[in-house]
$ cat structure.cif   # mmCIF, C-alpha atoms and all ligand atoms
data_entry
loop_
_atom_site.label_atom_id
_atom_site.label_comp_id
_atom_site.auth_asym_id
_atom_site.auth_seq_id
_atom_site.Cartn_x
_atom_site.Cartn_y
_atom_site.Cartn_z
CA MET A 947 32.91 2.51 -40.56
CA LYS A 948 36.18 0.99 -41.73
CA ILE A 949 38.53 -1.74 -40.51
CA VAL A 950 41.84 -0.17 -39.44
CA ASP A 951 43.63 -3.15 -37.87
CA VAL A 952 43.42 -6.97 -37.60
CA ARG A 953 45.46 -8.64 -34.87
CA GLY A 954 46.09 -12.22 -33.82
CA ILE A 955 46.91 -12.70 -30.13
CA PRO A 956 48.64 -16.05 -29.40
CA LEU A 957 48.21 -17.38 -25.86
CA THR A 958 49.73 -20.45 -24.21
CA TRP A 959 49.41 -21.98 -20.77
CA ARG A 960 51.60 -24.95 -19.86
CA SER A 961 50.26 -27.69 -17.60
CA PRO A 962 52.51 -29.72 -15.33
CA ASN A 963 50.17 -32.71 -15.60
CA PRO A 964 49.40 -33.76 -19.21
CA TYR A 965 46.16 -35.55 -19.98
CA MET A 966 45.31 -37.73 -22.92
CA SER A 967 42.60 -38.77 -25.33
CA ALA A 968 42.84 -41.78 -27.63
CA ALA A 969 44.65 -39.65 -30.18
CA GLY A 970 46.47 -36.86 -28.40
CA ALA A 971 48.14 -35.52 -25.31
CA GLN A 972 47.61 -32.06 -23.82
CA ALA A 973 50.58 -30.61 -21.96
CA GLY A 974 48.82 -27.29 -21.62
CA ARG A 975 46.48 -25.20 -23.73
CA SER A 976 46.81 -22.51 -26.36
CA ALA A 977 44.46 -20.12 -28.12
CA VAL A 978 44.61 -17.50 -30.84
CA LEU A 979 42.37 -14.52 -30.18
CA VAL A 980 41.51 -12.19 -33.06
CA GLU A 981 40.85 -8.49 -32.61
CA ILE A 982 39.48 -6.31 -35.41
CA GLU A 983 39.67 -2.58 -34.78
CA THR A 984 37.46 -0.06 -36.57
CA ASP A 985 37.88 3.66 -37.06
CA GLY A 986 34.70 4.14 -35.05
CA GLY A 987 36.41 2.81 -31.93
CA ILE A 988 34.54 -0.50 -31.86
CA VAL A 989 36.82 -3.52 -31.50
CA GLY A 990 35.54 -6.99 -32.44
CA LEU A 991 36.79 -10.10 -30.67
CA GLY A 992 37.00 -13.67 -31.94
CA GLU A 993 38.94 -16.89 -31.51
CA ALA A 994 40.68 -18.87 -34.23
CA GLY A 995 41.54 -22.55 -33.98
CA LEU A 996 45.09 -23.81 -33.89
CA GLY A 997 44.67 -27.51 -34.55
CA GLY A 998 47.20 -28.47 -31.91
CA GLY A 999 50.06 -26.49 -33.43
CA ALA A 1000 51.85 -23.41 -32.16
CA PRO A 1001 49.42 -20.47 -31.99
CA VAL A 1002 51.83 -18.26 -33.92
CA VAL A 1003 51.00 -20.30 -37.06
CA THR A 1004 47.35 -19.22 -37.07
CA GLN A 1005 48.34 -15.71 -35.99
CA THR A 1006 50.55 -15.44 -39.08
CA VAL A 1007 47.71 -16.51 -41.40
CA VAL A 1008 45.38 -13.96 -39.77
CA GLU A 1009 47.86 -11.10 -40.02
CA ARG A 1010 49.70 -11.89 -43.29
CA LEU A 1011 47.04 -13.61 -45.42
CA LEU A 1012 43.65 -12.26 -44.28
CA LYS A 1013 44.39 -8.81 -42.87
CA PRO A 1014 45.31 -7.32 -46.29
CA MET A 1015 41.88 -8.42 -47.60
CA LEU A 1016 40.14 -6.59 -44.75
CA LEU A 1017 41.96 -3.30 -44.14
CA GLY A 1018 39.92 -0.27 -45.19
CA GLN A 1019 36.76 -2.39 -45.66
CA ASP A 1020 33.32 -1.94 -44.10
CA PRO A 1021 33.26 -4.55 -41.27
CA LEU A 1022 29.52 -5.16 -41.68
CA LEU A 1023 29.90 -6.74 -45.14
CA ILE A 1024 30.52 -9.99 -43.29
CA GLU A 1025 29.26 -12.45 -45.89
CA ARG A 1026 31.23 -10.63 -48.58
CA HIS A 1027 34.41 -10.83 -46.47
CA TRP A 1028 33.85 -14.51 -45.66
CA GLN A 1029 33.52 -15.43 -49.32
CA THR A 1030 36.48 -13.23 -50.28
CA MET A 1031 38.74 -14.82 -47.66
CA PHE A 1032 37.64 -18.33 -48.69
CA GLU A 1033 37.96 -17.82 -52.45
CA ARG A 1034 41.22 -15.86 -52.46
CA SER A 1035 42.90 -18.50 -50.27
CA ARG A 1036 41.40 -21.45 -52.17
CA ALA A 1037 44.70 -22.82 -53.53
CA GLY A 1038 46.30 -23.17 -50.09
CA GLY A 1039 43.23 -23.07 -47.92
CA ARG A 1040 39.67 -24.48 -47.89
CA ARG A 1041 40.43 -26.36 -44.68
CA GLY A 1042 43.06 -26.51 -41.95
CA VAL A 1043 44.77 -23.46 -40.59
CA VAL A 1044 43.32 -21.07 -43.18
CA MET A 1045 39.76 -22.05 -42.21
CA HIS A 1046 40.76 -21.70 -38.56
CA ALA A 1047 41.97 -18.16 -39.24
CA ILE A 1048 38.82 -17.28 -41.22
CA SER A 1049 36.79 -18.56 -38.25
CA GLY A 1050 38.39 -16.10 -35.83
CA VAL A 1051 37.98 -13.19 -38.23
CA ASP A 1052 34.32 -14.06 -38.87
CA MET A 1053 33.64 -14.22 -35.13
CA ALA A 1054 35.24 -10.80 -34.58
CA LEU A 1055 33.26 -9.26 -37.47
CA TRP A 1056 30.02 -10.57 -35.96
CA ASP A 1057 31.05 -9.20 -32.56
CA ILE A 1058 31.35 -5.77 -34.23
CA ALA A 1059 27.91 -6.23 -35.84
CA GLY A 1060 26.37 -7.05 -32.46
CA LYS A 1061 27.97 -4.01 -30.88
CA VAL A 1062 26.73 -1.76 -33.72
CA ALA A 1063 23.22 -3.22 -33.39
CA GLY A 1064 23.30 -3.01 -29.59
CA LEU A 1065 22.23 -6.65 -29.35
CA PRO A 1066 23.78 -9.82 -27.92
CA LEU A 1067 24.75 -11.94 -30.92
CA TYR A 1068 22.28 -14.73 -30.34
CA ARG A 1069 19.49 -12.14 -30.38
CA LEU A 1070 20.86 -10.48 -33.50
CA PHE A 1071 20.73 -13.91 -35.19
CA GLY A 1072 17.15 -14.40 -33.97
CA ALA A 1073 17.17 -16.13 -30.63
CA TYR A 1074 15.78 -19.59 -30.01
CA ALA A 1075 16.63 -19.80 -26.28
CA ASP A 1076 17.98 -17.58 -23.47
CA THR A 1077 19.54 -20.45 -21.50
CA LEU A 1078 21.33 -23.61 -22.61
CA GLU A 1079 22.27 -26.96 -21.18
CA VAL A 1080 26.01 -27.60 -21.03
CA TYR A 1081 27.65 -30.95 -20.36
CA ALA A 1082 30.84 -31.60 -18.43
CA SER A 1083 33.54 -32.56 -20.90
CA GLY A 1084 36.31 -34.47 -19.14
CA GLY A 1085 37.05 -38.08 -18.30
CA PHE A 1086 40.49 -37.98 -19.90
CA TYR A 1087 43.25 -40.50 -19.39
CA GLN A 1088 46.04 -39.35 -17.13
CA GLU A 1089 49.06 -41.08 -15.65
CA GLY A 1090 48.09 -42.57 -12.29
CA LYS A 1091 44.35 -41.94 -12.89
CA ASP A 1092 42.56 -45.21 -12.18
CA VAL A 1093 38.88 -46.11 -12.44
CA ARG A 1094 38.30 -44.88 -8.89
CA ALA A 1095 39.64 -41.44 -9.78
CA LEU A 1096 37.49 -41.38 -12.92
CA VAL A 1097 34.41 -42.27 -10.86
CA ALA A 1098 35.28 -39.51 -8.36
CA GLU A 1099 35.41 -37.07 -11.28
CA ALA A 1100 31.98 -38.23 -12.50
CA GLU A 1101 30.57 -37.90 -8.96
CA SER A 1102 31.87 -34.33 -8.77
CA TYR A 1103 29.88 -33.46 -11.93
CA VAL A 1104 26.77 -35.02 -10.40
CA ALA A 1105 27.31 -32.95 -7.24
CA GLN A 1106 27.62 -29.79 -9.35
CA GLY A 1107 24.29 -30.59 -10.99
CA PHE A 1108 25.43 -31.36 -14.52
CA GLY A 1109 22.92 -33.29 -16.61
CA GLY A 1110 25.66 -35.20 -18.40
CA MET A 1111 29.34 -35.77 -19.05
CA LYS A 1112 31.68 -36.97 -21.75
CA MET A 1113 34.68 -39.24 -21.28
CA LYS A 1114 37.54 -40.50 -23.44
CA ILE A 1115 37.93 -44.09 -24.55
CA GLY A 1116 39.93 -45.80 -27.31
CA ARG A 1117 43.49 -45.50 -26.06
CA ASN A 1118 43.87 -49.17 -26.95
CA PRO A 1119 46.98 -51.18 -27.85
CA SER A 1120 45.51 -51.78 -31.30
CA THR A 1121 42.93 -49.56 -32.97
CA GLN A 1122 42.96 -51.87 -36.05
CA THR A 1123 44.28 -48.93 -38.08
CA HIS A 1124 47.71 -47.57 -38.91
CA LEU A 1125 47.18 -44.73 -36.46
CA ARG A 1126 48.29 -46.23 -33.17
CA GLY A 1127 51.98 -45.97 -33.96
CA LEU A 1128 51.63 -42.35 -35.09
CA LEU A 1129 49.77 -40.80 -32.18
CA ALA A 1130 51.08 -38.77 -29.27
CA MET A 1131 52.44 -40.57 -26.20
CA THR A 1132 51.57 -43.98 -27.64
CA GLU A 1133 53.56 -45.72 -24.93
CA LYS A 1134 51.47 -44.22 -22.11
CA CYS A 1135 48.11 -45.19 -20.71
CA VAL A 1136 47.49 -47.98 -23.15
CA VAL A 1137 44.29 -49.66 -22.01
CA THR A 1138 42.52 -52.69 -23.39
CA PRO A 1139 39.02 -52.43 -24.91
CA GLU A 1140 37.79 -54.50 -21.96
CA GLU A 1141 39.23 -51.94 -19.53
CA ASP A 1142 37.52 -49.15 -21.48
CA LEU A 1143 34.18 -50.98 -21.17
CA ALA A 1144 34.75 -51.28 -17.41
CA ARG A 1145 35.55 -47.54 -17.22
CA VAL A 1146 32.30 -46.69 -19.03
CA GLU A 1147 30.30 -49.09 -16.85
CA ALA A 1148 31.73 -47.50 -13.68
CA VAL A 1149 30.95 -43.97 -14.86
CA ARG A 1150 27.42 -44.93 -15.92
CA LYS A 1151 26.88 -46.32 -12.42
CA ALA A 1152 28.19 -43.11 -10.85
CA LEU A 1153 25.96 -40.92 -13.05
CA GLY A 1154 22.83 -43.01 -12.53
CA PRO A 1155 20.50 -44.05 -15.35
CA HIS A 1156 19.12 -40.64 -16.37
CA ARG A 1157 22.12 -38.37 -16.92
CA LYS A 1158 23.68 -38.12 -20.36
CA LEU A 1159 26.90 -40.06 -20.90
CA MET A 1160 28.97 -39.64 -24.04
CA VAL A 1161 32.21 -41.31 -25.13
CA ASP A 1162 34.82 -39.85 -27.47
CA ILE A 1163 37.20 -41.99 -29.54
CA ASN A 1164 38.95 -39.11 -31.34
CA CYS A 1165 38.92 -40.92 -34.71
CA VAL A 1166 41.24 -43.83 -33.90
CA TRP A 1167 39.12 -46.97 -34.38
CA SER A 1168 38.56 -48.96 -37.55
CA PRO A 1169 34.88 -49.24 -38.53
CA ALA A 1170 34.88 -52.94 -37.57
CA LEU A 1171 36.30 -52.20 -34.11
CA ALA A 1172 33.89 -49.27 -33.71
CA ILE A 1173 30.92 -51.53 -34.51
CA ALA A 1174 32.13 -54.27 -32.13
CA MET A 1175 32.79 -51.77 -29.33
CA GLY A 1176 29.61 -49.83 -30.09
CA LYS A 1177 27.56 -53.03 -29.65
CA ALA A 1178 29.35 -53.79 -26.36
CA LEU A 1179 28.56 -50.22 -25.23
CA GLU A 1180 24.82 -50.35 -26.07
CA PRO A 1181 23.79 -51.47 -22.52
CA PHE A 1182 25.22 -48.22 -21.09
CA ASP A 1183 22.62 -46.11 -22.92
CA LEU A 1184 25.09 -43.57 -24.33
CA THR A 1185 23.76 -40.29 -25.68
CA TRP A 1186 26.40 -40.49 -28.39
CA ILE A 1187 29.64 -42.10 -29.55
CA GLU A 1188 31.90 -39.30 -30.80
CA GLU A 1189 34.29 -39.51 -33.77
CA PRO A 1190 34.59 -43.31 -33.80
CA VAL A 1191 36.62 -43.54 -37.02
CA ALA A 1192 38.94 -41.46 -39.21
CA THR A 1193 37.46 -38.11 -40.27
CA ASP A 1194 37.86 -38.93 -43.95
CA ASP A 1195 36.36 -42.42 -43.71
CA ILE A 1196 32.86 -41.20 -44.40
CA ASP A 1197 31.56 -44.55 -45.64
CA GLY A 1198 33.12 -46.24 -42.62
CA SER A 1199 31.40 -43.83 -40.25
CA ALA A 1200 28.11 -44.31 -42.10
CA ALA A 1201 28.48 -48.09 -41.67
CA VAL A 1202 29.06 -47.61 -37.93
CA ALA A 1203 26.05 -45.30 -37.65
CA ALA A 1204 23.85 -47.79 -39.51
CA ALA A 1205 24.98 -50.72 -37.37
CA LEU A 1206 24.35 -49.15 -33.95
CA HIS A 1207 21.33 -47.90 -32.03
CA THR A 1208 23.58 -45.38 -30.23
CA PRO A 1209 23.85 -42.10 -32.19
CA ILE A 1210 27.20 -41.26 -33.80
CA ALA A 1211 28.40 -37.68 -33.26
CA GLY A 1212 31.13 -35.79 -35.13
CA TYR A 1213 33.29 -34.63 -36.59
CA GLU A 1214 34.95 -31.67 -34.89
CA THR A 1215 37.98 -32.44 -37.07
CA GLU A 1216 35.94 -31.75 -40.21
CA VAL A 1217 35.46 -28.12 -41.19
CA GLY A 1218 33.28 -26.07 -43.50
CA LEU A 1219 29.92 -26.55 -45.16
CA TYR A 1220 31.33 -28.74 -47.93
CA GLY A 1221 32.97 -31.10 -45.45
CA PHE A 1222 29.84 -31.34 -43.29
CA ARG A 1223 27.69 -31.78 -46.40
CA GLU A 1224 29.32 -35.20 -46.90
CA LEU A 1225 28.98 -36.23 -43.25
CA ILE A 1226 25.33 -35.14 -43.11
CA THR A 1227 23.97 -36.23 -46.49
CA ARG A 1228 25.76 -39.59 -46.37
CA ARG A 1229 24.48 -40.19 -42.83
CA ALA A 1230 27.98 -40.64 -41.42
CA VAL A 1231 26.74 -38.88 -38.28
CA ASP A 1232 23.47 -38.64 -36.35
CA ILE A 1233 24.56 -35.58 -34.31
CA VAL A 1234 26.55 -32.75 -35.91
CA GLN A 1235 29.51 -31.27 -34.03
CA PRO A 1236 31.16 -28.28 -35.70
CA ASP A 1237 33.72 -26.24 -33.77
CA LEU A 1238 33.11 -22.55 -34.45
CA ALA A 1239 36.81 -21.67 -34.22
CA TRP A 1240 37.71 -24.31 -36.83
CA THR A 1241 34.73 -24.58 -39.16
CA GLY A 1242 34.40 -21.00 -40.42
CA GLY A 1243 32.91 -19.05 -37.53
CA PHE A 1244 29.28 -18.06 -37.09
CA SER A 1245 28.65 -17.59 -40.81
CA GLU A 1246 29.63 -21.12 -41.84
CA GLY A 1247 28.49 -22.69 -38.55
CA ARG A 1248 24.97 -21.42 -39.08
CA ARG A 1249 24.92 -22.81 -42.64
CA ILE A 1250 26.04 -26.21 -41.29
CA ALA A 1251 23.33 -26.08 -38.61
CA ALA A 1252 20.70 -25.33 -41.27
CA LEU A 1253 21.87 -28.28 -43.38
CA ALA A 1254 21.72 -30.49 -40.29
CA HIS A 1255 18.19 -29.20 -39.61
CA ALA A 1256 17.19 -30.08 -43.17
CA HIS A 1257 18.25 -33.66 -42.40
CA ASN A 1258 16.50 -33.69 -39.01
CA MET A 1259 19.80 -33.76 -37.12
CA MET A 1260 20.71 -32.05 -33.86
CA VAL A 1261 23.85 -29.96 -33.36
CA ALA A 1262 26.16 -30.25 -30.33
CA PRO A 1263 28.94 -27.68 -30.83
CA HIS A 1264 32.49 -28.73 -30.01
CA ALA A 1265 34.18 -26.08 -27.85
CA PHE A 1266 37.61 -26.85 -26.45
CA GLY A 1267 39.38 -23.50 -26.45
CA SER A 1268 39.41 -20.26 -24.48
CA ALA A 1269 36.47 -18.45 -22.92
CA VAL A 1270 35.96 -16.55 -26.18
CA LEU A 1271 35.15 -19.72 -28.14
CA LEU A 1272 32.96 -20.99 -25.32
CA VAL A 1273 30.87 -17.81 -25.32
CA ALA A 1274 30.71 -17.78 -29.12
CA SER A 1275 29.48 -21.39 -29.06
CA LEU A 1276 26.72 -20.39 -26.63
CA HIS A 1277 25.53 -17.56 -28.91
CA PHE A 1278 25.58 -19.97 -31.86
CA ALA A 1279 23.67 -22.71 -30.05
CA ALA A 1280 21.11 -20.28 -28.58
CA SER A 1281 20.29 -18.98 -32.06
CA ILE A 1282 19.56 -22.29 -33.83
CA PRO A 1283 16.46 -24.49 -33.42
CA ASN A 1284 18.39 -27.78 -33.35
CA ALA A 1285 20.99 -27.30 -30.59
CA LEU A 1286 21.18 -30.37 -28.39
CA VAL A 1287 23.73 -29.40 -25.73
CA VAL A 1288 27.00 -27.41 -25.57
CA GLU A 1289 30.41 -28.75 -24.54
CA LEU A 1290 31.79 -27.32 -21.30
CA ASP A 1291 35.41 -28.41 -20.99
CA ARG A 1292 36.18 -29.17 -17.34
CA ASN A 1293 39.95 -29.63 -17.64
CA GLU A 1294 42.12 -27.07 -15.90
CA ASN A 1295 42.61 -24.16 -18.32
CA PRO A 1296 43.12 -20.55 -17.17
CA LEU A 1297 42.50 -19.39 -20.76
CA ARG A 1298 38.91 -20.47 -20.19
CA GLU A 1299 38.53 -19.74 -16.48
CA ALA A 1300 40.48 -16.49 -15.99
CA LEU A 1301 40.33 -14.66 -19.32
CA LEU A 1302 37.06 -12.76 -18.84
CA LYS A 1303 36.56 -9.75 -16.57
CA GLU A 1304 33.18 -11.19 -15.64
CA PRO A 1305 33.17 -14.99 -15.72
CA LEU A 1306 30.15 -16.90 -17.01
CA THR A 1307 27.71 -18.14 -14.43
CA ILE A 1308 27.06 -21.85 -14.79
CA GLU A 1309 24.60 -23.35 -12.36
CA ARG A 1310 23.23 -26.90 -12.24
CA GLY A 1311 24.50 -27.55 -15.77
CA MET A 1312 22.71 -24.54 -17.26
CA VAL A 1313 24.14 -21.26 -18.52
CA ALA A 1314 22.40 -17.97 -19.25
CA LEU A 1315 23.49 -16.10 -22.36
CA PRO A 1316 25.40 -12.79 -21.95
CA THR A 1317 23.12 -9.77 -22.19
CA ARG A 1318 25.57 -7.16 -23.45
CA PRO A 1319 25.98 -6.42 -27.20
CA GLY A 1320 28.02 -8.70 -29.46
CA LEU A 1321 29.70 -11.59 -27.69
CA GLY A 1322 29.00 -9.56 -24.54
CA ILE A 1323 32.37 -10.19 -22.92
CA GLU A 1324 35.45 -8.18 -21.98
CA LEU A 1325 38.97 -9.60 -21.70
CA ASP A 1326 41.04 -9.22 -18.54
CA ARG A 1327 44.11 -7.61 -20.11
CA ALA A 1328 46.43 -8.65 -17.27
CA VAL A 1329 45.53 -12.30 -17.93
CA VAL A 1330 46.02 -11.85 -21.70
CA ASP A 1331 49.49 -10.39 -21.06
CA ARG A 1332 50.38 -13.22 -18.66
CA TYR A 1333 49.84 -15.93 -21.29
CA ARG A 1334 50.80 -14.04 -24.44
CA VAL A 1335 53.58 -15.76 -26.37
CA ASP A 1336 54.40 -13.54 -29.37
MG MG B 1401 35.84 -34.78 -29.52
#
$ encode --input "structure.cif" --output "structure tokens" --more "lines below"
Ligand SMILES: [Mg+2]
Amino acid sequence: MKIVDVRGIPLTWRSPNPYMSAAGAQAGRSAVLVEIETDGGIVGLGEAGLGGGAPVVTQTVVERLLKPMLLGQDPLLIERHWQTMFERSRAGGRRGVVMHAISGVDMALWDIAGKVAGLPLYRLFGAYADTLEVYASGGFYQEGKDVRALVAEAESYVAQGFGGMKMKIGRNPSTQTHLRGLLAMTEKCVVTPEEDLARVEAVRKALGPHRKLMVDINCVWSPALAIAMGKALEPFDLTWIEEPVATDDIDGSAAVAAALHTPIAGYETEVGLYGFRELITRRAVDIVQPDLAWTGGFSEGRRIAALAHAHNMMVAPHAFGSAVLLVASLHFAASIPNALVVELDRNENPLREALLKEPLTIERGMVALPTRPGLGIELDRAVVDRYRVD
């Protein structure tokens, strides 16, 4: 079997109602799907990250940088291809958009392997579980969204049976770093730390004492502010505080983790085994959160999970893309012994909700893994065409 084509498919959906984290604003959603075609007729599917930029950027790296390394090759030499892509792009790669592109290719190669083996991917990897807990990822800032609206959102997750939710905090007038002036839509939805604490208190009340509640700061706080806020948040019994400080401030994150009882989770914005090695071995995190579409796909994600396991840490995959990344994240989590819970983005996004011919069934906060070979999903081509932007 040989690889005969490698394609990036850029998709974009524009939202009329942007929503915000501490660091960014989402005026819609994009994704870059990767398809790898073989001469045997099997087509592998993956998703590459885009880091907030235009999806055509990642598409170009897939098709102009990586595709020439793959054409004519045996698709099942996955480890060989991963290392080749990483080493030959070392000067301009290692992280960022090149790692995002490698991630999508790796995912598509594994999808081919699953289809050849006739096994769902998580079973090909050696399954640990057939069902997984997912948490409702939402609680964003939005213009006109007050505490009452946030509480109503939390109550809707309770009514749907979710065992937990995540919300955004940290969109504060000062983050005690240089970042505040640089971030998207700085002038909007600026809330005080005291208002954030009141938002968390209200959501905790709505969820009751036993459901998981997580908060996400998206890297904006200084370590000192993170420690002060983390101590003020301790009474709300958070399952984790996510990305409290800058991704590269590993010592700062380790100081925050050491100062708080609440576990520190992160960093989706870090990628690759070498990046996560620093976070894990220096105890900058308690819970490890790689994003499969950013961090190097299944191959690198599974290495990161093993390193986390060696340090007695749980893994909670970040998944904030299309349905392809969500399903890939489920296969990943169901195949490792130390998966804690998987992110289920609840923001409006047709690239997640409408892209699959057969949507995932999620009931009472639990999801069953697909049973067909590979990722076990099929794209709705009409939906792909509707959002395609190349
Ligand atoms: Mg996050």
$ closest_residue --input "structure.cif" --among "A:Thr958, A:Thr1077, A:Ser1083, A:Asn1293" --to "ligand MG 1401 (chain B)" --atoms "all atoms listed in the file"
A:Ser1083
$ closest_atom_pairs --input "structure.cif" --of "chain A" --to "ligand MG 1401 (chain B)" --cutoff "8 Å" --atoms "all atoms listed in the file" --output "CSV"
residue,atom,partner,partner_atom,distance
A:Asp1162,CA,B:MG1401,MG,5.6
A:Ile1163,CA,B:MG1401,MG,7.3
A:Asn1164,CA,B:MG1401,MG,5.6
A:Glu1188,CA,B:MG1401,MG,6.1
A:Glu1189,CA,B:MG1401,MG,6.5
A:Gly1212,CA,B:MG1401,MG,7.4
A:Tyr1213,CA,B:MG1401,MG,7.5
A:Glu1214,CA,B:MG1401,MG,6.3
A:His1264,CA,B:MG1401,MG,6.9
$ residues_near_point --input "structure.cif" --point "(49.2, -42.2, -35.1)" --cutoff "12 Å" --atoms "all atoms listed in the file" --output "count of residues only"
26
$ closest_residue --input "structure.cif" --among "A:Ser1245, A:Gln1029, A:Thr1138, A:Ser1199" --to "A:Arg1228" --atoms "all atoms listed in the file"
A:Ser1199
$ closest_residue --input "structure.cif" --among "A:Ala1178, A:Pro1190, A:Val1097, A:Phe1108" --to "A:Arg1145" --atoms "all atoms listed in the file"
A:Val1097
$ closest_atom_pairs --input "structure.cif" --of "stretch 1173-1278 of chain A" --to "stretch 1037-1049 of chain A" --cutoff "12 Å" --atoms "all atoms listed in the file" --output "CSV"
residue,atom,partner,partner_atom,distance
A:Glu1214,CA,A:Gly1042,CA,11.9
A:Thr1215,CA,A:Gly1042,CA,9.2
A:Glu1216,CA,A:Arg1041,CA,8.3
A:Val1217,CA,A:Arg1041,CA,6.3
A:Gly1218,CA,A:Arg1041,CA,7.3
A:Leu1219,CA,A:Arg1040,CA,10.3
A:Tyr1220,CA,A:Arg1040,CA,9.4
A:Gly1221,CA,A:Arg1041,CA,8.9
A:Phe1222,CA,A:Arg1041,CA,11.8
A:Pro1236,CA,A:Ser1049,CA,11.5
A:Asp1237,CA,A:Ser1049,CA,9.4
A:Leu1238,CA,A:Ser1049,CA,6.6
A:Ala1239,CA,A:Ser1049,CA,5.1
A:Trp1240,CA,A:His1046,CA,4.4
A:Thr1241,CA,A:Met1045,CA,6.4
A:Gly1242,CA,A:Ser1049,CA,4.0
A:Gly1243,CA,A:Ser1049,CA,4.0
A:Phe1244,CA,A:Ser1049,CA,7.6
A:Ser1245,CA,A:Ser1049,CA,8.6
A:Glu1246,CA,A:Ser1049,CA,8.4
A:Gly1247,CA,A:Ser1049,CA,9.3
A:Leu1271,CA,A:Ser1049,CA,10.3
A:Ala1274,CA,A:Ser1049,CA,11.0
$ closest_residue --input "structure.cif" --among "A:Val950, A:Leu1301, A:Ile1250, A:Val1093" --to "A:Glu1324" --atoms "only C-alpha atoms"
A:Leu1301
$ closest_residue --input "structure.cif" --among "A:Lys948, A:Arg1034, A:Arg1292, A:Arg953" --to "A:Leu1022" --atoms "all atoms listed in the file"
A:Lys948
$ residues_around --input "structure.cif" --residues "stretch 1275-1288 of chain A" --least-positions-apart "6" --cutoff "9 Å" --atoms "only C-alpha atoms" --output "PyMOL selection string"
chain A and resi 1066-1081+1233+1237-1239+1244+1247-1248+1251-1252+1254-1255+1258-1265+1313-1316+1321
$ residues_near_point --input "structure.cif" --point "(39.9, -9.5, -50.3)" --cutoff "7 Å" --atoms "all atoms listed in the file" --output "VMD selection string"
chain A and resid 1015 to 1016 1027 1030 to 1031 1034
$ build_atoms --input "structure.cif" --residues "stretch 1016-1030 of chain A" --atoms "N, CA and C atoms" --output "CSV table (one decimal), in the coordinates of the input"
chain,number,residue,atom,x,y,z
A,1016,LEU,N,41.1,-7.2,-45.6
A,1016,LEU,CA,40.1,-6.6,-44.8
A,1016,LEU,C,40.4,-5.1,-44.5
A,1017,LEU,N,41.6,-4.7,-44.5
A,1017,LEU,CA,42.0,-3.3,-44.1
A,1017,LEU,C,41.2,-2.3,-45.0
A,1018,GLY,N,40.6,-1.3,-44.4
A,1018,GLY,CA,39.9,-0.3,-45.2
A,1018,GLY,C,38.5,-0.7,-45.6
A,1019,GLN,N,38.1,-1.9,-45.3
A,1019,GLN,CA,36.8,-2.4,-45.7
A,1019,GLN,C,35.7,-2.1,-44.6
A,1020,ASP,N,34.5,-2.1,-45.0
A,1020,ASP,CA,33.3,-1.9,-44.1
A,1020,ASP,C,33.2,-3.3,-43.3
A,1021,PRO,N,33.3,-3.3,-42.0
A,1021,PRO,CA,33.3,-4.6,-41.3
A,1021,PRO,C,31.9,-5.3,-41.3
A,1022,LEU,N,30.8,-4.5,-41.7
A,1022,LEU,CA,29.5,-5.2,-41.7
A,1022,LEU,C,29.2,-6.0,-43.0
A,1023,LEU,N,30.1,-5.9,-43.9
A,1023,LEU,CA,29.9,-6.7,-45.1
A,1023,LEU,C,30.5,-8.1,-44.8
A,1024,ILE,N,29.9,-8.8,-43.8
A,1024,ILE,CA,30.5,-10.0,-43.3
A,1024,ILE,C,30.5,-11.1,-44.3
A,1025,GLU,N,29.3,-11.4,-44.9
A,1025,GLU,CA,29.3,-12.4,-45.9
A,1025,GLU,C,30.2,-12.2,-47.0
A,1026,ARG,N,30.3,-11.0,-47.5
A,1026,ARG,CA,31.2,-10.6,-48.6
A,1026,ARG,C,32.7,-10.9,-48.2
A,1027,HIS,N,33.0,-10.6,-46.9
A,1027,HIS,CA,34.4,-10.8,-46.5
A,1027,HIS,C,34.7,-12.3,-46.3
A,1028,TRP,N,33.7,-13.1,-45.8
A,1028,TRP,CA,33.8,-14.5,-45.7
A,1028,TRP,C,34.2,-15.2,-47.0
A,1029,GLN,N,33.3,-14.8,-48.0
A,1029,GLN,CA,33.5,-15.4,-49.3
A,1029,GLN,C,34.8,-15.0,-49.9
A,1030,THR,N,35.2,-13.7,-49.7
A,1030,THR,CA,36.5,-13.2,-50.3
A,1030,THR,C,37.7,-14.0,-49.7
